[in-house]
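Just coords.pdb here, PDB, C-alpha atoms:
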```pdb
ATOM      1  CA  MET A   1      -1.053  20.277   5.033  1.00  0.00           C
ATOM      2  CA  SER A   2       0.273  16.973   3.692  1.00  0.00           C
ATOM      3  CA  ALA A   3      -0.551  15.083   6.915  1.00  0.00           C
ATOM      4  CA  LEU A   4      -4.131  16.377   6.848  1.00  0.00           C
ATOM      5  CA  ALA A   5      -4.443  15.663   3.116  1.00  0.00           C
ATOM      6  CA  ALA A   6      -3.108  12.138   3.561  1.00  0.00           C
ATOM      7  CA  GLN A   7      -5.451  11.452   6.501  1.00  0.00           C
ATOM      8  CA  THR A   8      -8.445  12.815   4.578  1.00  0.00           C
ATOM      9  CA  ILE A   9      -7.651  10.818   1.426  1.00  0.00           C
ATOM     10  CA  LEU A  10      -6.919   7.610   3.350  1.00  0.00           C
ATOM     11  CA  GLU A  11     -10.142   7.815   5.335  1.00  0.00           C
ATOM     12  CA  GLY A  12     -12.104   8.771   2.201  1.00  0.00           C
ATOM     13  CA  MET A  13     -10.723   5.767   0.352  1.00  0.00           C
ATOM     14  CA  LEU A  14     -11.544   3.456   3.252  1.00  0.00           C
ATOM     15  CA  ALA A  15     -15.054   4.897   3.564  1.00  0.00           C
ATOM     16  CA  ILE A  16     -15.592   4.114  -0.124  1.00  0.00           C
ATOM     17  CA  ALA A  17     -14.293   0.577   0.423  1.00  0.00           C
ATOM     18  CA  ILE A  18     -16.658   0.014   3.346  1.00  0.00           C
ATOM     19  CA  THR A  19     -19.673   1.533   1.609  1.00  0.00           C
ATOM     20  CA  ARG A  20     -19.112  -0.380  -1.634  1.00  0.00           C
ATOM     21  CA  ALA A  21     -18.488  -3.660   0.208  1.00  0.00           C
ATOM     22  CA  ILE A  22     -21.797  -3.227   2.016  1.00  0.00           C
ATOM     23  CA  GLU A  23     -23.539  -2.319  -1.257  1.00  0.00           C
ATOM     24  CA  THR A  24     -22.298  -5.488  -2.962  1.00  0.00           C
ATOM     25  CA  GLY A  25     -23.699  -7.435   0.002  1.00  0.00           C
ATOM     26  CA  ALA A  26     -23.673 -11.175  -0.181  1.00  0.00           C
ATOM     27  CA  ALA A  27     -24.120 -11.178  -3.952  1.00  0.00           C
ATOM     28  CA  ALA A  28     -23.899 -14.532  -5.666  1.00  0.00           C
ATOM     29  CA  ASP A  29     -22.503 -12.801  -8.753  1.00  0.00           C
ATOM     30  CA  ARG A  30     -18.760 -13.552  -9.089  1.00  0.00           C
ATOM     31  CA  VAL A  31     -17.989 -10.034 -10.349  1.00  0.00           C
ATOM     32  CA  GLN A  32     -19.591  -8.505  -7.248  1.00  0.00           C
ATOM     33  CA  GLU A  33     -17.781 -11.023  -5.023  1.00  0.00           C
ATOM     34  CA  GLY A  34     -14.497  -9.929  -6.612  1.00  0.00           C
ATOM     35  CA  LYS A  35     -15.263  -6.273  -5.992  1.00  0.00           C
ATOM     36  CA  ARG A  36     -16.158  -6.956  -2.374  1.00  0.00           C
ATOM     37  CA  PHE A  37     -12.902  -8.857  -1.924  1.00  0.00           C
ATOM     38  CA  ALA A  38     -10.866  -5.920  -3.326  1.00  0.00           C
ATOM     39  CA  TYR A  39     -12.581  -3.489  -0.939  1.00  0.00           C
ATOM     40  CA  PHE A  40     -12.009  -5.873   1.970  1.00  0.00           C
ATOM     41  CA  ASP A  41      -8.373  -6.454   0.954  1.00  0.00           C
ATOM     42  CA  VAL A  42      -7.418  -2.770   0.944  1.00  0.00           C
ATOM     43  CA  LEU A  43      -9.469  -1.953   4.047  1.00  0.00           C
ATOM     44  CA  SER A  44      -8.129  -4.873   6.052  1.00  0.00           C
ATOM     45  CA  TRP A  45      -4.523  -4.176   5.112  1.00  0.00           C
ATOM     46  CA  ALA A  46      -4.760  -0.439   5.801  1.00  0.00           C
ATOM     47  CA  LYS A  47      -6.425  -0.984   9.184  1.00  0.00           C
ATOM     48  CA  ASN A  48      -3.786  -3.555  10.163  1.00  0.00           C
ATOM     49  CA  GLN A  49      -0.969  -1.262   9.045  1.00  0.00           C
ATOM     50  CA  ALA A  50      -2.481   1.685  10.940  1.00  0.00           C
ATOM     51  CA  GLU A  51      -2.661  -0.462  14.060  1.00  0.00           C
ATOM     52  CA  VAL A  52       0.970  -1.548  13.699  1.00  0.00           C
ATOM     53  CA  MET A  53       1.999   2.097  13.274  1.00  0.00           C
ATOM     54  CA  ASP A  54      -0.242   3.203  16.156  1.00  0.00           C
ATOM     55  CA  MET A  55      -2.112   5.555  13.827  1.00  0.00           C
ATOM     56  CA  PRO A  56      -5.594   6.552  15.004  1.00  0.00           C
ATOM     57  CA  PHE A  57      -8.466   7.168  12.598  1.00  0.00           C
ATOM     58  CA  ALA A  58     -10.428  10.386  12.971  1.00  0.00           C
ATOM     59  CA  ASP A  59     -13.591   8.702  11.687  1.00  0.00           C
ATOM     60  CA  PRO A  60     -15.053   6.573  14.524  1.00  0.00           C
ATOM     61  CA  GLY A  61     -16.932   4.387  12.035  1.00  0.00           C
ATOM     62  CA  ILE A  62     -13.726   3.379  10.294  1.00  0.00           C
ATOM     63  CA  ALA A  63     -11.926   2.924  13.598  1.00  0.00           C
ATOM     64  CA  ALA A  64     -14.635   0.619  14.995  1.00  0.00           C
ATOM     65  CA  LEU A  65     -15.343  -1.488  11.914  1.00  0.00           C
ATOM     66  CA  ASP A  66     -14.015  -5.043  11.749  1.00  0.00           C
ATOM     67  CA  PRO A  67     -13.191  -5.629   8.050  1.00  0.00           C
ATOM     68  CA  TYR A  68     -14.054  -9.328   8.404  1.00  0.00           C
ATOM     69  CA  SER A  69     -17.656  -8.369   9.137  1.00  0.00           C
ATOM     70  CA  LEU A  70     -17.896  -7.377   5.471  1.00  0.00           C
ATOM     71  CA  LEU A  71     -17.291 -10.951   4.351  1.00  0.00           C
ATOM     72  CA  GLY A  72     -20.158 -12.498   6.301  1.00  0.00           C
ATOM     73  CA  GLN A  73     -23.179 -14.002   4.650  1.00  0.00           C
ATOM     74  CA  GLY A  74     -25.535 -12.606   7.289  1.00  0.00           C
ATOM     75  CA  VAL A  75     -26.385  -9.040   8.189  1.00  0.00           C
ATOM     76  CA  LEU A  76     -23.716  -6.611   7.080  1.00  0.00           C
ATOM     77  CA  PRO A  77     -22.627  -3.851   9.459  1.00  0.00           C
ATOM     78  CA  ALA A  78     -24.174  -0.414   9.403  1.00  0.00           C
ATOM     79  CA  PHE A  79     -21.772   2.363   8.474  1.00  0.00           C
ATOM     80  CA  SER A  80     -22.106   6.094   8.173  1.00  0.00           C
ATOM     81  CA  ARG A  81     -19.229   8.361   7.301  1.00  0.00           C
ATOM     82  CA  GLY A  82     -18.050  10.528  10.142  1.00  0.00           C
ATOM     83  CA  PRO A  83     -16.683  14.040   9.802  1.00  0.00           C
ATOM     84  CA  GLU A  84     -13.544  14.638   7.788  1.00  0.00           C
ATOM     85  CA  PRO A  85     -10.375  14.904   9.845  1.00  0.00           C
ATOM     86  CA  THR A  86      -9.467  18.378  11.051  1.00  0.00           C
ATOM     87  CA  THR A  87      -5.915  17.483  11.985  1.00  0.00           C
ATOM     88  CA  GLY A  88      -3.560  15.233  10.115  1.00  0.00           C
ATOM     89  CA  GLU A  89      -1.870  12.186  11.530  1.00  0.00           C
ATOM     90  CA  PRO A  90       1.752  12.171  10.271  1.00  0.00           C
ATOM     91  CA  ARG A  91       1.719   8.385   9.777  1.00  0.00           C
ATOM     92  CA  ALA A  92      -1.339   8.594   7.497  1.00  0.00           C
ATOM     93  CA  HIS A  93       0.846   9.417   4.491  1.00  0.00           C
ATOM     94  CA  ALA A  94       2.852   6.202   4.914  1.00  0.00           C
ATOM     95  CA  VAL A  95      -0.278   4.083   5.424  1.00  0.00           C
ATOM     96  CA  LEU A  96      -1.924   5.660   2.368  1.00  0.00           C
ATOM     97  CA  GLU A  97       1.099   5.116   0.138  1.00  0.00           C
ATOM     98  CA  GLN A  98       1.552   1.531   1.293  1.00  0.00           C
ATOM     99  CA  ALA A  99      -2.160   0.771   0.852  1.00  0.00           C
ATOM    100  CA  LEU A 100      -1.994   2.136  -2.692  1.00  0.00           C
ATOM    101  CA  GLU A 101       1.108   0.066  -3.447  1.00  0.00           C
ATOM    102  CA  LEU A 102      -0.699  -3.059  -2.244  1.00  0.00           C
ATOM    103  CA  ALA A 103      -3.853  -2.173  -4.218  1.00  0.00           C
ATOM    104  CA  LEU A 104      -1.831  -1.558  -7.383  1.00  0.00           C
ATOM    105  CA  GLU A 105       0.080  -4.828  -7.033  1.00  0.00           C
ATOM    106  CA  HIS A 106      -3.135  -6.790  -6.508  1.00  0.00           C
ATOM    107  CA  ALA A 107      -4.912  -4.906  -9.310  1.00  0.00           C
ATOM    108  CA  LEU A 108      -2.182  -5.856 -11.768  1.00  0.00           C
ATOM    109  CA  GLU A 109      -2.467  -9.496 -10.668  1.00  0.00           C
ATOM    110  CA  SER A 110      -6.243  -9.368 -11.158  1.00  0.00           C
ATOM    111  CA  ARG A 111      -5.900  -7.687 -14.551  1.00  0.00           C
ATOM    112  CA  ALA A 112      -3.755 -10.570 -15.780  1.00  0.00           C
ATOM    113  CA  LYS A 113      -6.597 -13.014 -14.969  1.00  0.00           C
ATOM    114  CA  ALA A 114      -9.648 -10.796 -15.550  1.00  0.00           C
ATOM    115  CA  ALA A 115     -10.491 -11.949 -19.072  1.00  0.00           C
ATOM    116  CA  ALA A 116     -10.922 -15.552 -17.944  1.00  0.00           C
ATOM    117  CA  ASP A 117     -12.310 -15.094 -14.423  1.00  0.00           C
ATOM    118  CA  PRO A 118     -15.299 -12.899 -13.470  1.00  0.00           C
ATOM    119  CA  PHE A 119     -14.106 -12.768  -9.839  1.00  0.00           C
ATOM    120  CA  GLU A 120     -10.779 -11.256 -10.933  1.00  0.00           C
ATOM    121  CA  ALA A 121     -12.610  -8.862 -13.276  1.00  0.00           C
ATOM    122  CA  GLY A 122     -14.667  -7.653 -10.298  1.00  0.00           C
ATOM    123  CA  ALA A 123     -11.601  -7.377  -8.084  1.00  0.00           C
ATOM    124  CA  LEU A 124      -9.889  -5.311 -10.768  1.00  0.00           C
ATOM    125  CA  GLN A 125     -12.875  -2.939 -10.864  1.00  0.00           C
ATOM    126  CA  GLY A 126     -12.795  -2.546  -7.087  1.00  0.00           C
ATOM    127  CA  TYR A 127      -9.062  -1.881  -6.938  1.00  0.00           C
ATOM    128  CA  HIS A 128      -9.346   0.566  -9.838  1.00  0.00           C
ATOM    129  CA  GLU A 129     -12.057   2.553  -8.063  1.00  0.00           C
ATOM    130  CA  LEU A 130     -10.000   2.928  -4.874  1.00  0.00           C
ATOM    131  CA  ILE A 131      -6.722   3.705  -6.657  1.00  0.00           C
ATOM    132  CA  ALA A 132      -8.366   6.228  -8.984  1.00  0.00           C
ATOM    133  CA  PHE A 133     -10.051   8.028  -6.080  1.00  0.00           C
ATOM    134  CA  ALA A 134      -6.899   8.236  -3.967  1.00  0.00           C
ATOM    135  CA  LEU A 135      -4.536   9.267  -6.769  1.00  0.00           C
ATOM    136  CA  THR A 136      -6.952  11.888  -8.091  1.00  0.00           C
ATOM    137  CA  GLN A 137      -7.380  13.363  -4.614  1.00  0.00           C
ATOM    138  CA  ALA A 138      -3.638  13.248  -3.887  1.00  0.00           C
ATOM    139  CA  ARG A 139      -2.784  15.050  -7.114  1.00  0.00           C
ATOM    140  CA  ALA A 140      -5.485  17.670  -6.546  1.00  0.00           C
ATOM    141  CA  ARG A 141      -4.100  18.357  -3.060  1.00  0.00           C
ATOM    142  CA  GLY A 142      -0.437  18.336  -4.104  1.00  0.00           C
ATOM    143  CA  LEU A 143       0.370  15.211  -2.078  1.00  0.00           C
ATOM    144  CA  ALA A 144       3.507  13.529  -3.429  1.00  0.00           C
ATOM    145  CA  PHE A 145       4.479   9.872  -3.157  1.00  0.00           C
ATOM    146  CA  ALA A 146       8.012   8.528  -2.782  1.00  0.00           C
ATOM    147  CA  ASN A 147       7.157   5.519  -4.961  1.00  0.00           C
ATOM    148  CA  ARG A 148       7.852   6.789  -8.493  1.00  0.00           C
ATOM    149  CA  THR A 149       5.688   4.149 -10.149  1.00  0.00           C
ATOM    150  CA  LEU A 150       2.740   5.169  -8.007  1.00  0.00           C
ATOM    151  CA  ALA A 151       3.423   8.871  -8.472  1.00  0.00           C
ATOM    152  CA  ALA A 152       3.295   8.594 -12.274  1.00  0.00           C
ATOM    153  CA  PHE A 153       0.662   5.872 -12.564  1.00  0.00           C
ATOM    154  CA  ASP A 154      -2.510   6.447 -14.600  1.00  0.00           C
ATOM    155  CA  PRO A 155      -5.275   4.389 -12.920  1.00  0.00           C
ATOM    156  CA  ASN A 156      -7.084   4.061 -16.248  1.00  0.00           C
ATOM    157  CA  ASP A 157      -4.192   1.920 -17.492  1.00  0.00           C
ATOM    158  CA  LEU A 158      -5.690  -0.812 -15.292  1.00  0.00           C
ATOM    159  CA  LEU A 159      -8.714  -0.898 -17.572  1.00  0.00           C
ATOM    160  CA  LYS A 160      -6.602  -1.718 -20.618  1.00  0.00           C
ATOM    161  CA  PRO A 161      -6.150  -5.411 -21.372  1.00  0.00           C
ATOM    162  CA  ALA A 162      -3.041  -6.981 -19.900  1.00  0.00           C
ATOM    163  CA  LYS A 163      -0.232  -7.566 -22.366  1.00  0.00           C
ATOM    164  CA  GLN A 164       0.232 -11.207 -23.161  1.00  0.00           C
ATOM    165  CA  THR A 165       3.701 -12.662 -22.691  1.00  0.00           C
ATOM    166  CA  ALA A 166       4.975 -15.545 -24.779  1.00  0.00           C
TER
END
```

Can you give me the file's structure in the form of C-alpha cells?
Amino acid sequence: MSALAAQTILEGMLAIAITRAIETGAAADRVQEGKRFAYFDVLSWAKNQAEVMDMPFADPGIAALDPYSLLGQGVLPAFSRGPEPTTGEPRAHAVLEQALELALEHALESRAKAAADPFEAGALQGYHELIAFALTQARARGLAFANRTLAAFDPNDLLKPAKQTA
C-alpha cells in the first residue's frame, strides 16, 4: 500500500507542477515567473532523482516531459494526465520524501525574501501548493515520512511571515 500511495502522490504532485507551469505560461508578471520556477524546480529535481534511482513513472506524460521545455518562451508542451498508477514503485517513497524536503528548503528560502521580491513571493506560492497537496494526500493515506520535520510540518506555516532575525 505505501509504495502505491507514494507513487500516486508523487505523480499527482508532478502533474500539478506541470499543469500549473503550463498555465503560468510565459507570463511577464514576476509572481507568475516565481511560481513557474517553483514548479520547474520540484519537477526537474524529482525527475532527475527518479532517473538516478532507476524509478519508472506510470504516467507516460510525466515520463516523457522534459522539464526544461516549461521554461521556454515559445510554445509550451501539451500535457494530459495519464491514469493513476495501479502498482507502486518501491523507490517512489524515497523520491517523494526527498522532493518534499527540497521543496520545503526552497520554500523557506523564498519566504525569507518574499516581502521584498515578487518573484520569491510567487515561488513561495508554488512550493506551498505542491507541499500542501503532497502532505495532505500522504496523511490521508497513512504514508509516513522518516524526516520528522516533514512529518510534523504544517504547510500553512509557509504563508506566515518569516521571523526577522537581528

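Using all atoms listed in the file, the smallest distance between any of A:Pro155, A:Pro118, A:Gly12, A:Gly142 and Phe57 of chain A comes from A:Gly12.
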
Of the listed residues A:Ala58, A:Ala146, A:Ala64, A:Leu158, that which approaches Ala132 of chain A most closely, counting only C-alpha atoms: A:Leu158

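The closest residue to Ala103 of chain A, picked from A:Arg91, A:His128, A:Arg148, A:Lys163 and counting all atoms listed in the file, is A:His128.
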
Any chance you could resolve the PyMOL selection byres ((chain A and resi 144) around 12) against this file and give the residues as a VMD selection string? chain A and resid 1 to 3 5 to 6 93 to 94 96 to 97 134 to 143 145 to 152

For C-alpha atoms, I'd like the residues from the last selection saved as a tab-separated table (two decimals), in the frame of the given file.
```tsv
chain	number	residue	atom	x	y	z
A	1	MET	CA	-1.05	20.28	5.03
A	2	SER	CA	0.27	16.97	3.69
A	3	ALA	CA	-0.55	15.08	6.92
A	5	ALA	CA	-4.44	15.66	3.12
A	6	ALA	CA	-3.11	12.14	3.56
A	93	HIS	CA	0.85	9.42	4.49
A	94	ALA	CA	2.85	6.20	4.91
A	96	LEU	CA	-1.92	5.66	2.37
A	97	GLU	CA	1.10	5.12	0.14
A	134	ALA	CA	-6.90	8.24	-3.97
A	135	LEU	CA	-4.54	9.27	-6.77
A	136	THR	CA	-6.95	11.89	-8.09
A	137	GLN	CA	-7.38	13.36	-4.61
A	138	ALA	CA	-3.64	13.25	-3.89
A	139	ARG	CA	-2.78	15.05	-7.11
A	140	ALA	CA	-5.48	17.67	-6.55
A	141	ARG	CA	-4.10	18.36	-3.06
A	142	GLY	CA	-0.44	18.34	-4.10
A	143	LEU	CA	0.37	15.21	-2.08
A	145	PHE	CA	4.48	9.87	-3.16
A	146	ALA	CA	8.01	8.53	-2.78
A	147	ASN	CA	7.16	5.52	-4.96
A	148	ARG	CA	7.85	6.79	-8.49
A	149	THR	CA	5.69	4.15	-10.15
A	150	LEU	CA	2.74	5.17	-8.01
A	151	ALA	CA	3.42	8.87	-8.47
A	152	ALA	CA	3.30	8.59	-12.27
```

I would like the residues chosen by the PyMOL selection byres ((chain A and resi 38) around 9) on the shown file; could you give them as a list in words? Ala17, Ala21, Glu33, Gly34, Lys35, Arg36, Phe37, Tyr39, Phe40, Asp41, Val42, Leu43, Ala103, His106, Ala107, Gly122, Ala123, Leu124, Gln125, Gly126 and Tyr127 of chain A

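Using only C-alpha atoms, the nearest neighbour of Glu105 of chain A within the list A:Ile131, A:Arg30, A:Pro60, A:Arg81 is A:Ile131.
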
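Nearest residue to Ile9 of chain A among A:Ala50, A:Leu71, A:Leu100, A:Leu159 is A:Leu100, counting only C-alpha atoms.
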
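The space separating atom CA of Ile16 of chain A from atom CA of Ala116 of chain A comes to 26.9 Å.
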
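Note that the spacing between atom CA of Pro56 of chain A and atom CA of Gly25 of chain A amounts to 27.4 Å.
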
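From atom CA of Gln7 of chain A back to atom CA of Ala92 of chain A, the distance works out to 5.1 Å.
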
When the PyMOL selection byres ((chain A and resi 61) around 8) is applied to the file above, which residues end up in the set, as a ChimeraX atom specification? /A:59-60,62-65,79-82

Atoms to include: C-alpha atoms. Write the selected residues as a tab-separated table (two decimals), in the coordinates of the input.
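Output file part-v4.tsv follows:
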```
chain	number	residue	atom	x	y	z
A	59	ASP	CA	-13.59	8.70	11.69
A	60	PRO	CA	-15.05	6.57	14.52
A	62	ILE	CA	-13.73	3.38	10.29
A	63	ALA	CA	-11.93	2.92	13.60
A	64	ALA	CA	-14.64	0.62	15.00
A	65	LEU	CA	-15.34	-1.49	11.91
A	79	PHE	CA	-21.77	2.36	8.47
A	80	SER	CA	-22.11	6.09	8.17
A	81	ARG	CA	-19.23	8.36	7.30
A	82	GLY	CA	-18.05	10.53	10.14
```

Which residue is closest to Thr8 of chain A? Choose from A:Phe119, A:Ala99, A:Leu104, A:Gly88 and count all atoms listed in the file. A:Gly88

Around all the atoms of segment 39-53 of chain A listed in the file, with 5 Å of room on each side, what axis-aligned box do you get, giving centre and edge lengths in Å to one decimal, as AutoDock Vina command-line options?
```
--center_x -5.3 --center_y -2.2 --center_z 6.6 --size_x 24.6 --size_y 18.6 --size_z 25.0
```

Spatial neighbours of Asp54 of chain A, 12 Å, all atoms listed in the file, chain gap at least 5 places, as a ChimeraX atom specification: /A:46-49,63,89-92,95
